[in-house]
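Q: Quick one: structure below, then a few questions.
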Amino acid sequence: MRRRRPEKREILPDPLYNDLLVAKFINNLMVGGKKSIAEKIFYTSIEKIENATKSKDGLDIFKKAIDNVAPMLEVKSKRIGGATYQVPIEVAQNRKIALAMRWIIGFSKSRKGDKMSDRLAAEILAAYKNEGSSVKKKEDSHKMAEANKAFAHFRW
């Protein structure tokens with residue numbers, strides 16, 4: 001007998017932009033429960049983006065970057081008759097956003113640079129322009145799904 005699924009926790013929008021997406025991103029960025037530091041890093045990187053682009057609203061650039069990185073398809077391993085197949089599946093909306101955030105944060109951590117806010121701003125700007133490591137990761141995910149299209153009939 002399976003236990004019941006835990007209920008989803010309600011997260012509050014962030015204080016500055018009053019936006020749920022920003023709040024989720026800050027929570028993903030947070031390390032060791034240090035939310036104020038994560039907020040400072042995020043807001044500073046948004047300011048840097050605004051300074052770099054001069055005209056655009058930093059929040060719009062951030063949202064467009066998340067959209068550009070969010071994958072449409074991914075592959076999932078399915079074991080059928082002793083063989084493991086990479087079966088392409090569509091990505092659910094909440095997982096798209098979660099993956100996009102994870103990839104942007106992960107690749108900004110691995111970037112060269114002094115401050116995390118600089119690296120995050122650079123990665124968000126690169127994603128906004130449809131370039132950079134996180135967009136490449138999305139394209140690789142799509143290529144994998146495309147290559148394994150023959151196994152799509154194993155989807156259930």
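In the structure tokens, the first chain shown is A, the next is B, and so on; residue numbers restart at 1 for each chain, and ligands run from 1 in the order shown.
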Can you list, as a list in words, every residue of chain A that DSSP puts in strand (DSSP E or B)?
A: Leu73, Glu74, Val75, Lys76, Ser77, Lys78, Arg79, Ile80, Ala83, Thr84, Tyr85, Gln86, Val87, Pro88, Ile89 and Glu90 of chain A
Q: Find the spatial neighbours of range 106-121 of chain A, counting only C-alpha atoms, within a cut-off of 8 Å - ignore same-chain residues fewer than 2 positions away - and output them as a PyMOL selection string.
A: chain A and resi 41-42+44-46+48-49+102-104+123-125+133-134
Q: I'd like the contact shell of Lys63 in chain A - 10 Å cut-off, only C-alpha atoms, skipping same-chain residues fewer than 6 positions apart - returned as a PyMOL selection string.
A: chain A and resi 21-22+124+128
Q: Would you mind exporting the chosen residues as a PDB file, in the first residue's frame, restricted to N, CA and C atoms?
A:
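This is the output file selection.pdb:
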```
ATOM      1  N   LEU A  21       7.940  33.422  -9.468  1.00  0.00           N
ATOM      2  CA  LEU A  21       9.070  32.843 -10.194  1.00  0.00           C
ATOM      3  C   LEU A  21      10.398  33.286  -9.573  1.00  0.00           C
ATOM      4  N   VAL A  22      10.482  34.560  -9.234  1.00  0.00           N
ATOM      5  CA  VAL A  22      11.688  35.113  -8.604  1.00  0.00           C
ATOM      6  C   VAL A  22      11.905  34.447  -7.246  1.00  0.00           C
ATOM      7  N   ILE A 124      22.482  34.717 -17.166  1.00  0.00           N
ATOM      8  CA  ILE A 124      21.111  35.126 -17.517  1.00  0.00           C
ATOM      9  C   ILE A 124      21.119  35.909 -18.831  1.00  0.00           C
ATOM     10  N   TYR A 128      19.339  34.871 -22.254  1.00  0.00           N
ATOM     11  CA  TYR A 128      18.409  35.814 -22.897  1.00  0.00           C
ATOM     12  C   TYR A 128      18.713  35.954 -24.388  1.00  0.00           C
TER      13      TYR A 128
END
```
Q: Taking 6 positions as the minimum chain separation for residues in the same chain, which residues sit within 12 Å of Arg79 in chain A when counting only C-alpha atoms? Answer as a VMD selection string.
A: chain A and resid 85 to 87 151 154 to 155
Q: Within 12 Å of Met30 in chain A, counting only C-alpha atoms, which residues qualify if same-chain residues fewer than 3 places away don't, as an mmCIF file with N, CA and C atoms, in the first residue's frame?
A:
```cif
data_model
loop_
_atom_site.group_PDB
_atom_site.id
_atom_site.type_symbol
_atom_site.label_atom_id
_atom_site.label_comp_id
_atom_site.auth_asym_id
_atom_site.auth_seq_id
_atom_site.Cartn_x
_atom_site.Cartn_y
_atom_site.Cartn_z
ATOM 1 N N ALA A 23 10.820 34.271 -6.482
ATOM 2 C CA ALA A 23 10.927 33.637 -5.161
ATOM 3 C C ALA A 23 11.452 32.204 -5.292
ATOM 4 N N LYS A 24 10.944 31.467 -6.287
ATOM 5 C CA LYS A 24 11.415 30.095 -6.511
ATOM 6 C C LYS A 24 12.883 30.086 -6.906
ATOM 7 N N PHE A 25 13.262 31.036 -7.769
ATOM 8 C CA PHE A 25 14.655 31.106 -8.206
ATOM 9 C C PHE A 25 15.574 31.399 -7.026
ATOM 10 N N ILE A 26 15.176 32.325 -6.173
ATOM 11 C CA ILE A 26 15.972 32.668 -4.988
ATOM 12 C C ILE A 26 16.096 31.449 -4.068
ATOM 13 N N ASN A 27 14.990 30.698 -3.913
ATOM 14 C CA ASN A 27 15.046 29.489 -3.081
ATOM 15 C C ASN A 27 16.001 28.451 -3.665
ATOM 16 N N GLY A 33 20.453 27.499 3.724
ATOM 17 C CA GLY A 33 19.424 28.288 4.397
ATOM 18 C C GLY A 33 19.704 29.773 4.487
ATOM 19 N N LYS A 34 20.689 30.264 3.730
ATOM 20 C CA LYS A 34 21.049 31.686 3.794
ATOM 21 C C LYS A 34 20.279 32.453 2.720
ATOM 22 N N LYS A 35 19.016 32.741 3.034
ATOM 23 C CA LYS A 35 18.133 33.356 2.049
ATOM 24 C C LYS A 35 18.499 34.805 1.763
ATOM 25 N N SER A 36 18.908 35.548 2.783
ATOM 26 C CA SER A 36 19.228 36.971 2.571
ATOM 27 C C SER A 36 20.404 37.122 1.614
ATOM 28 N N ILE A 37 21.374 36.204 1.703
ATOM 29 C CA ILE A 37 22.521 36.240 0.792
ATOM 30 C C ILE A 37 22.062 35.902 -0.625
ATOM 31 N N ALA A 38 21.192 34.893 -0.755
ATOM 32 C CA ALA A 38 20.667 34.512 -2.068
ATOM 33 C C ALA A 38 19.885 35.676 -2.690
ATOM 34 N N GLU A 39 19.092 36.362 -1.879
ATOM 35 C CA GLU A 39 18.332 37.525 -2.371
ATOM 36 C C GLU A 39 19.273 38.615 -2.853
ATOM 37 N N LYS A 40 20.315 38.877 -2.052
ATOM 38 C CA LYS A 40 21.282 39.918 -2.414
ATOM 39 C C LYS A 40 21.959 39.591 -3.746
ATOM 40 N N ILE A 41 22.359 38.314 -3.912
ATOM 41 C CA ILE A 41 23.004 37.883 -5.158
ATOM 42 C C ILE A 41 22.055 38.096 -6.337
ATOM 43 N N PHE A 42 20.801 37.665 -6.189
ATOM 44 C CA PHE A 42 19.844 37.769 -7.293
ATOM 45 C C PHE A 42 19.555 39.222 -7.656
ATOM 46 N N ARG A 102 17.584 25.315 -12.461
ATOM 47 C CA ARG A 102 18.701 24.485 -12.018
ATOM 48 C C ARG A 102 19.895 24.632 -12.959
ATOM 49 N N ILE A 105 21.502 28.231 -12.681
ATOM 50 C CA ILE A 105 22.274 28.359 -11.432
ATOM 51 C C ILE A 105 23.533 27.494 -11.494
ATOM 52 N N MET A 116 29.448 35.811 -7.389
ATOM 53 C CA MET A 116 28.352 35.007 -7.917
ATOM 54 C C MET A 116 27.351 35.884 -8.658
#
```
Q: Between CA of Lys76 in chain A and CA of Asn130 in chain A, what is the spacing in Å?
A: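 These two atoms are separated by 25.1 Å.
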Q: Extract the full set of helix (DSSP H, G or I) residues from range 66-129 of chain A according to DSSP on the backbone, and format it as a VMD selection string.
A: chain A and resid 66 to 69 93 to 110 116 to 128
Q: Which of these, A:Leu12, A:Val31, A:Ala65, A:Met72, has the shortest distance to Asp140 in chain A once you count only C-alpha atoms?
A: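 Of A:Leu12, A:Val31, A:Ala65, A:Met72, the one nearest Asp140 in chain A, counting only C-alpha atoms, is A:Met72.
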